[in-house]
Amino acid sequence: MAKFRNVEFKMTRGNGYGQYIISAKYKGVDINVHTTNSQAFDWCEDESNKSKNNEARKYCYTMIKNQYNSRG
């Protein structure tokens, strides 16, 4: 489980090659976002490079926020 700006989320592999799902509870709403960003998947929980780790967590947070804002 990763965290960015007090939002906990997890990034898991999807059903196909290079497919990933970002799952979180954002403002009380369950959010699931599809992405193909393998670099974010690789660095999301790997803290050996703080810069890349922070960039990956920020990417996931932005995807979650955008999905929340675009829901109908």
# chains A, B, ... in the order shown; residues from 1 in each chain; ligands from 1
call {"tool": "residues_around", "arguments": {"residues": "Asn15 of chain A", "least_positions_apart": "4", "cutoff": "12 Å", "atoms": "only C-alpha atoms", "output": "list in words"}}
result
Gln19, Tyr20, Ile21, His34, Thr35 and Thr36 of chain A
call {"tool": "residues_around", "arguments": {"residues": "Val33 of chain A", "least_positions_apart": "4", "cutoff": "12 Å", "atoms": "only C-alpha atoms", "output": "VMD selection string"}}
result
chain A and resid 9 to 14 19 to 26 37 59 to 68 70 to 71
call {"tool": "closest_residue", "arguments": {"among": "A:Glu45, A:Ser51, A:Lys58, A:Ser38", "to": "Asn6 of chain A", "atoms": "only C-alpha atoms"}}
result
A:Lys58
call {"tool": "select_by_dssp", "arguments": {"residues": "chain A", "states": "strand (DSSP E)", "output": "list in words"}}
result
Ala2, Lys3, Phe4, Val7, Glu8, Phe9, Lys10, Met11, Thr12, Arg13, Tyr20, Ile21, Ile22, Ser23, Ala24, Lys25, Tyr26, Val29, Asp30, Ile31, Asn32, Val33, His34 and Thr35 of chain A
call {"tool": "residues_around", "arguments": {"residues": "Trp43 of chain A", "least_positions_apart": "5", "cutoff": "8 Å", "atoms": "only C-alpha atoms", "output": "MDAnalysis selection string"}}
result
chainID A and resid 52:53 56
call {"tool": "write_last_selection", "arguments": {"atoms": "C-alpha atoms", "output": "mmCIF file, in the first residue's frame"}}
result
data_model
loop_
_atom_site.group_PDB
_atom_site.id
_atom_site.type_symbol
_atom_site.label_atom_id
_atom_site.label_comp_id
_atom_site.auth_asym_id
_atom_site.auth_seq_id
_atom_site.Cartn_x
_atom_site.Cartn_y
_atom_site.Cartn_z
ATOM 1 C CA LYS A 52 11.297 8.158 -8.923
ATOM 2 C CA ASN A 53 9.247 6.806 -6.026
ATOM 3 C CA ALA A 56 5.254 7.424 -9.323
#
call {"tool": "select_by_dssp", "arguments": {"residues": "chain A", "states": "helix (DSSP H, G or I)", "output": "PyMOL selection string"}}
result
chain A and resi 38-43+50-70
call {"tool": "closest_residue", "arguments": {"among": "A:Gly16, A:Gly72, A:Glu8, A:Glu55", "to": "Asp42 of chain A", "atoms": "only C-alpha atoms"}}
result
A:Glu55
call {"tool": "atom_distance", "arguments": {"atom1": "atom CA of Glu47 of chain A", "atom2": "atom CA of Asn69 of chain A"}}
result
29.0 Å
call {"tool": "atom_distance", "arguments": {"atom1": "atom CA of Phe4 of chain A", "atom2": "atom CA of Asn54 of chain A"}}
result
8.3 Å
call {"tool": "atom_distance", "arguments": {"atom1": "atom CA of Asp46 of chain A", "atom2": "atom CA of Asp30 of chain A"}}
result
24.4 Å
call {"tool": "closest_residue", "arguments": {"among": "A:Tyr17, A:Lys50, A:Val7, A:Cys44", "to": "Ile31 of chain A", "atoms": "only C-alpha atoms"}}
result
A:Val7
